[in-house]
Amino acid sequence: MGAKYVFITGGVMSGIGKGVVSASTGLLIKSRGYKTTIVKVDPYLNVDAGTMNPYAHGEVFVTEDGGETDLDLGHYERFLGENLSKNNNITTGKVYLRVIEKERKGAYLGKTVQIIPHVTDEIKEELSYIAKDTGADVVIVEIGGTVGDIEGLPFLEAARQMYVELGSSSVVFVHVAWAPVLSTTGEQKTKPVQHSVQELRRIGIQPTALVVRSPRPLESESRQKIALFANLSPSAVFSDHDVDNIYEIPLLLESQGYGSQLIERLGLQDREPDLGGWKEFVDKLKGLSKPLKIAMVGKYTRLRDSYISIVEALKHAGVYVGVKPDLVWIESTDVEEGKINVNDVLSTVDGAVILPGFGKRGAEGKIKAIRYLRENKIPTLGICFGLQLSVVEFARDVVGLEGANSTEIDPHTPYPVVDLLPWQRDVEELGGTMRLGASPINLVKGTTIYSLYGRDTIYERHRHRYEVNPKYVDKLVEHGLIISAWSPKGLVEAIELPRNEHPFFLGTQSHPEFKSRPLQPSPPYVGLLKAALT
Ligand code: GLN
């Protein structure tokens, strides 16, 4: 039997949580014992998300195999509880690049290369490759953007063709749209949903089910109206109203029969879903009452999605430790410009995360925060740039190397304690050339990080270009810095301060948050919260 496909489209506007609906759909199908994978289609022309500013697109999620992907892949991994590949993120840029490369090689010799059939064929091939490669029974495909966008058309057209080719029990369409509630009258409006379904039908796609996002549960009258206009039974219209946290959404949809309905429409046998662990996690999350103030020091703090995996990792660790992280966002550029007194803010927190980042702006603000956190013994976790700037701070203040810096911030620093290593110096293209993806990390026995993982070797994901300069390692160590993890090549992977000097001061060059899952929290985040609690 070939794979079955669930296409998930969006209507009315973006940002309404289609990624979470896709991830929830994946969980509900997987929990019935079917091998499931989820693909995100991003209709933009970038080949991958790696070159995009977090303010434009939120976090860049890094996969185990080093793909720089859309943040929705993070939701998929967290909900499915498994690693996905860079193949699970298809962009228009990737598809066009492949078609153009084929054209140059003469693969279409004699033909006029066109969107239909050449681009749509490429999309279909890509999807069936993923189905084969993963051995999935069900492939869920989230089409980014909103129905009606010019960029999305080739993907919708490919989906329509697959429906015709594979049949109605192999391809289903879930449409996620927004029903606003008017603030003046409190009325729930269905017209935008109706319009977006019409737009979908205009391109030849009849949705199998509708998931309606709204601030309030879908009223019976709204459900009837939407069903009528969408050519559906009211039982195929599901309410996806605002809830406290995204982990409740699969349960909300399941309680309305969404999972069983999709499975039946796909011609598969319905089974009792195994959601016990998930329910337990959600109950614990809802029941958390002990708040812990955690400072989040970064420079993209005005768009919280920039650090979504870290925020989620703190939630997972919070449930494990039994505390509710209450995040205190500190914009490091504001610290630098003297708009906030960082010491005052930090004096009120229980712990801090020095967030990852790039470039000069905001770096001195982070360094200032690190100094306070180190001197005042506040539990601190530095991620990637956070580790690098902790090394800079230590070099300046403890080792006494005045003007020490990362060459990313000051190319002329007298003490380049963080620098490009030879293999990064000649890199000219910025896309996909950082140190990316999971690689082995050897932990040093007796250190904090070792006690957290309890293993000699771990695999965490990377996304960075600069490294702690090996020439300065001895000096840093002489002055008390502990290098607690190494790459097999001898690069610094983690630093910490001795436990008799600081309760918890850990920096990781990797990003452990990418592998944090509701039921498998990430050890460094658990360590931070445990330390912050005491
Ligand atoms: N800018 C730093 C580097 O490229 C850190 C990157 C990060 O924090 N992800 O090495």
# chains A, B, ... in the order shown; residues from 1 in each chain; ligands from 1

call {"tool": "closest_atom_pairs", "arguments": {"of": "chain A", "to": "ligand 1", "cutoff": "6 Å", "atoms": "only C-alpha atoms and all ligand atoms", "output": "Markdown table"}}
result
| residue | atom | partner | partner_atom_place_in_ligand_line | distance |
| --- | --- | --- | --- | --- |
| A:Pro356 | CA | ligand 1 | 8 (O) | 3.4 |
| A:Gly357 | CA | ligand 1 | 8 (O) | 4.1 |
| A:Phe358 | CA | ligand 1 | 1 (N) | 3.8 |
| A:Cys384 | CA | ligand 1 | 8 (O) | 4.2 |
| A:Phe385 | CA | ligand 1 | 8 (O) | 3.7 |
| A:Arg463 | CA | ligand 1 | 9 (N) | 5.0 |
| A:His464 | CA | ligand 1 | 10 (O) | 3.7 |
| A:Arg465 | CA | ligand 1 | 4 (O) | 3.8 |
| A:Tyr466 | CA | ligand 1 | 10 (O) | 3.5 |

call {"tool": "residues_around", "arguments": {"residues": "A:Leu253", "least_positions_apart": "5", "cutoff": "10 Å", "atoms": "only C-alpha atoms", "output": "ChimeraX atom specification"}}
result
/A:21,24-25,28,211,238-241,248,258-259

call {"tool": "write_last_selection", "arguments": {"atoms": "N, CA, C and O atoms", "output": "compact mmCIF listing (two decimals), in the first residue's frame"}}
result
# COMPACT_ATOMS: atom_id res chain seq x y z
N VAL A 21 -1.58 22.77 14.44
CA VAL A 21 -2.63 21.84 13.98
C VAL A 21 -1.97 20.69 13.20
O VAL A 21 -2.33 19.52 13.38
N SER A 24 -0.31 18.46 15.67
CA SER A 24 -1.33 17.72 16.42
C SER A 24 -1.89 16.59 15.58
O SER A 24 -2.12 15.48 16.08
N THR A 25 -2.14 16.89 14.30
CA THR A 25 -2.64 15.86 13.38
C THR A 25 -1.65 14.70 13.34
O THR A 25 -2.04 13.53 13.40
N LEU A 28 -1.89 12.64 16.55
CA LEU A 28 -3.11 11.82 16.65
C LEU A 28 -3.05 10.60 15.73
O LEU A 28 -3.54 9.53 16.07
N VAL A 211 -10.72 23.09 10.28
CA VAL A 211 -10.35 23.36 11.67
C VAL A 211 -10.46 24.87 11.84
O VAL A 211 -9.76 25.62 11.16
N PHE A 238 -14.29 21.45 12.96
CA PHE A 238 -13.74 21.30 14.31
C PHE A 238 -13.37 22.65 14.91
O PHE A 238 -12.90 23.54 14.20
N SER A 239 -13.59 22.76 16.20
CA SER A 239 -13.29 24.01 16.90
C SER A 239 -11.87 23.95 17.47
O SER A 239 -11.52 23.04 18.20
N ASP A 240 -11.08 24.94 17.08
CA ASP A 240 -9.70 25.04 17.59
C ASP A 240 -9.59 26.42 18.25
O ASP A 240 -8.96 27.31 17.74
N HIS A 241 -10.28 26.54 19.39
CA HIS A 241 -10.32 27.84 20.06
C HIS A 241 -9.10 28.04 20.96
O HIS A 241 -8.36 27.10 21.22
N GLU A 248 -2.28 21.37 24.51
CA GLU A 248 -3.67 20.93 24.70
C GLU A 248 -4.39 20.69 23.38
O GLU A 248 -5.42 20.04 23.33
N TYR A 258 -11.73 14.25 15.78
CA TYR A 258 -10.94 14.63 14.60
C TYR A 258 -10.05 13.47 14.11
O TYR A 258 -10.02 13.16 12.92
N GLY A 259 -9.33 12.84 15.05
CA GLY A 259 -8.40 11.77 14.68
C GLY A 259 -9.10 10.62 13.98
O GLY A 259 -8.69 10.20 12.89

call {"tool": "atom_distance", "arguments": {"atom1": "atom CA of A:Glu496", "atom2": "atom CA of A:Ser406"}}
result
18.4 Å

call {"tool": "closest_atom_pairs", "arguments": {"of": "stretch 175-196 of chain A", "to": "stretch 223-227 of chain A", "cutoff": "12 Å", "atoms": "only C-alpha atoms", "output": "Markdown table"}}
result
| residue | atom | partner | partner_atom | distance |
| --- | --- | --- | --- | --- |
| A:His175 | CA | A:Ile226 | CA | 12.0 |
| A:Ala177 | CA | A:Ile226 | CA | 10.8 |
| A:Trp178 | CA | A:Ile226 | CA | 11.5 |
| A:Ala179 | CA | A:Ile226 | CA | 9.9 |
| A:Gln188 | CA | A:Arg223 | CA | 10.5 |
| A:Lys189 | CA | A:Ile226 | CA | 10.0 |
| A:Thr190 | CA | A:Ile226 | CA | 6.5 |
| A:Lys191 | CA | A:Ile226 | CA | 8.3 |
| A:Pro192 | CA | A:Ile226 | CA | 10.0 |
| A:Val193 | CA | A:Ile226 | CA | 7.2 |
| A:Gln194 | CA | A:Ile226 | CA | 6.3 |
| A:His195 | CA | A:Ile226 | CA | 10.1 |
| A:Ser196 | CA | A:Ile226 | CA | 10.9 |

call {"tool": "write_last_selection", "arguments": {"atoms": "C-alpha atoms", "output": "JSON list (two decimals), in the first residue's frame"}}
result
[["chain", "number", "residue", "atom", "x", "y", "z"],
["A", 175, "HIS", "CA", -8.25, 23.62, 5.94],
["A", 177, "ALA", "CA", -9.07, 29.18, 8.97],
["A", 178, "TRP", "CA", -9.83, 32.02, 11.30],
["A", 179, "ALA", "CA", -13.24, 33.01, 12.68],
["A", 188, "GLN", "CA", -18.39, 35.19, 16.10],
["A", 189, "LYS", "CA", -18.03, 35.84, 12.36],
["A", 190, "THR", "CA", -17.79, 33.04, 9.81],
["A", 191, "LYS", "CA", -17.57, 35.01, 6.57],
["A", 192, "PRO", "CA", -13.74, 35.00, 6.35],
["A", 193, "VAL", "CA", -13.79, 31.19, 6.70],
["A", 194, "GLN", "CA", -16.43, 30.90, 3.98],
["A", 195, "HIS", "CA", -14.38, 33.08, 1.64],
["A", 196, "SER", "CA", -11.20, 31.14, 2.16]]

call {"tool": "closest_residue", "arguments": {"among": "A:Thr508, A:Ser220, A:Thr534, A:Ser235", "to": "A:Ile441", "atoms": "only C-alpha atoms"}}
result
A:Thr508

call {"tool": "closest_residue", "arguments": {"among": "A:Ala209, A:Leu262, A:Ile378, A:Val392", "to": "A:Glu501", "atoms": "only C-alpha atoms"}}
result
A:Ile378

call {"tool": "closest_residue", "arguments": {"among": "A:Gly338, A:Gly50, A:Gly322, A:Gly365", "to": "A:Lys299", "atoms": "only C-alpha atoms"}}
result
A:Gly365

call {"tool": "select_by_dssp", "arguments": {"residues": "stretch 148-364 of chain A", "states": "helix (DSSP H, G or I)", "output": "PyMOL selection string"}}
result
chain A and resi 153-166+191-202+220-230+234-236+246-254+258-265+276-287+304-321+332-336+342-346+363-364

call {"tool": "residues_around", "arguments": {"residues": "A:Gly507", "least_positions_apart": "6", "cutoff": "8 Å", "atoms": "only C-alpha atoms", "output": "PDB file with N, CA and C atoms, in the first residue's frame"}}
result
ATOM      1  N   LEU A 381      22.457  29.726  32.204  1.00  0.00           N
ATOM      2  CA  LEU A 381      22.733  28.815  31.096  1.00  0.00           C
ATOM      3  C   LEU A 381      22.994  29.658  29.849  1.00  0.00           C
ATOM      4  N   GLY A 382      24.170  29.519  29.268  1.00  0.00           N
ATOM      5  CA  GLY A 382      24.512  30.272  28.050  1.00  0.00           C
ATOM      6  C   GLY A 382      24.439  29.349  26.850  1.00  0.00           C
ATOM      7  N   ILE A 383      23.689  29.747  25.842  1.00  0.00           N
ATOM      8  CA  ILE A 383      23.542  28.885  24.664  1.00  0.00           C
ATOM      9  C   ILE A 383      24.293  29.503  23.484  1.00  0.00           C
ATOM     10  N   CYS A 384      25.232  28.779  22.945  1.00  0.00           N
ATOM     11  CA  CYS A 384      25.964  29.129  21.729  1.00  0.00           C
ATOM     12  C   CYS A 384      26.647  30.497  21.861  1.00  0.00           C
ATOM     13  N   GLY A 386      25.805  32.659  23.754  1.00  0.00           N
ATOM     14  CA  GLY A 386      25.797  32.822  25.208  1.00  0.00           C
ATOM     15  C   GLY A 386      27.058  32.224  25.834  1.00  0.00           C
ATOM     16  N   LEU A 387      27.491  31.061  25.335  1.00  0.00           N
ATOM     17  CA  LEU A 387      28.757  30.477  25.803  1.00  0.00           C
ATOM     18  C   LEU A 387      29.913  31.378  25.361  1.00  0.00           C
ATOM     19  N   SER A 390      30.217  34.418  27.383  1.00  0.00           N
ATOM     20  CA  SER A 390      30.649  34.105  28.754  1.00  0.00           C
ATOM     21  C   SER A 390      32.168  33.954  28.788  1.00  0.00           C
ATOM     22  N   ALA A 494      31.549  22.843  25.926  1.00  0.00           N
ATOM     23  CA  ALA A 494      30.832  23.363  27.097  1.00  0.00           C
ATOM     24  C   ALA A 494      31.832  23.947  28.077  1.00  0.00           C
ATOM     25  N   ILE A 495      31.388  24.981  28.775  1.00  0.00           N
ATOM     26  CA  ILE A 495      32.217  25.572  29.830  1.00  0.00           C
ATOM     27  C   ILE A 495      31.377  25.665  31.098  1.00  0.00           C
ATOM     28  N   GLU A 496      32.052  25.658  32.233  1.00  0.00           N
ATOM     29  CA  GLU A 496      31.322  25.912  33.467  1.00  0.00           C
ATOM     30  C   GLU A 496      32.258  26.483  34.523  1.00  0.00           C
TER      31      GLU A 496
END

call {"tool": "closest_residue", "arguments": {"among": "A:Val212, A:Ile140, A:Ala532, A:Ala230", "to": "A:Gly17", "atoms": "only C-alpha atoms"}}
result
A:Val212

call {"tool": "closest_residue", "arguments": {"among": "A:Val492, A:Leu389, A:Pro524, A:Val39", "to": "A:Ser451", "atoms": "only C-alpha atoms"}}
result
A:Pro524

call {"tool": "atom_distance", "arguments": {"atom1": "atom CA of A:Arg213", "atom2": "atom CA of A:Gly257"}}
result
16.5 Å

call {"tool": "select_by_dssp", "arguments": {"residues": "stretch 273-315 of chain A", "states": "strand (DSSP E)", "output": "list in words"}}
result
Pro291, Leu292, Lys293, Ile294, Ala295, Met296, Val297 and Gly298 of chain A

call {"tool": "residues_around", "arguments": {"residues": "A:Ala438", "least_positions_apart": "6", "cutoff": "8 Å", "atoms": "only C-alpha atoms", "output": "list in words"}}
result
Thr63, Glu64, Asp65, Gly66, Tyr459, Glu460, Arg461 and His462 of chain A

call {"tool": "write_last_selection", "arguments": {"atoms": "C-alpha atoms", "output": "PDB file, in the first residue's frame"}}
result
ATOM      1  CA  THR A  63      17.502  19.317  12.294  1.00  0.00           C
ATOM      2  CA  GLU A  64      19.722  16.421  13.308  1.00  0.00           C
ATOM      3  CA  ASP A  65      21.144  16.252   9.759  1.00  0.00           C
ATOM      4  CA  GLY A  66      21.998  19.952   9.772  1.00  0.00           C
ATOM      5  CA  TYR A 459      24.728  14.277  20.362  1.00  0.00           C
ATOM      6  CA  GLU A 460      23.409  17.809  20.284  1.00  0.00           C
ATOM      7  CA  ARG A 461      22.788  20.116  17.342  1.00  0.00           C
ATOM      8  CA  HIS A 462      24.959  23.045  16.302  1.00  0.00           C
TER       9      HIS A 462
END

call {"tool": "atom_distance", "arguments": {"atom1": "atom CA of A:Val197", "atom2": "atom CA of A:Met13"}}
result
12.8 Å
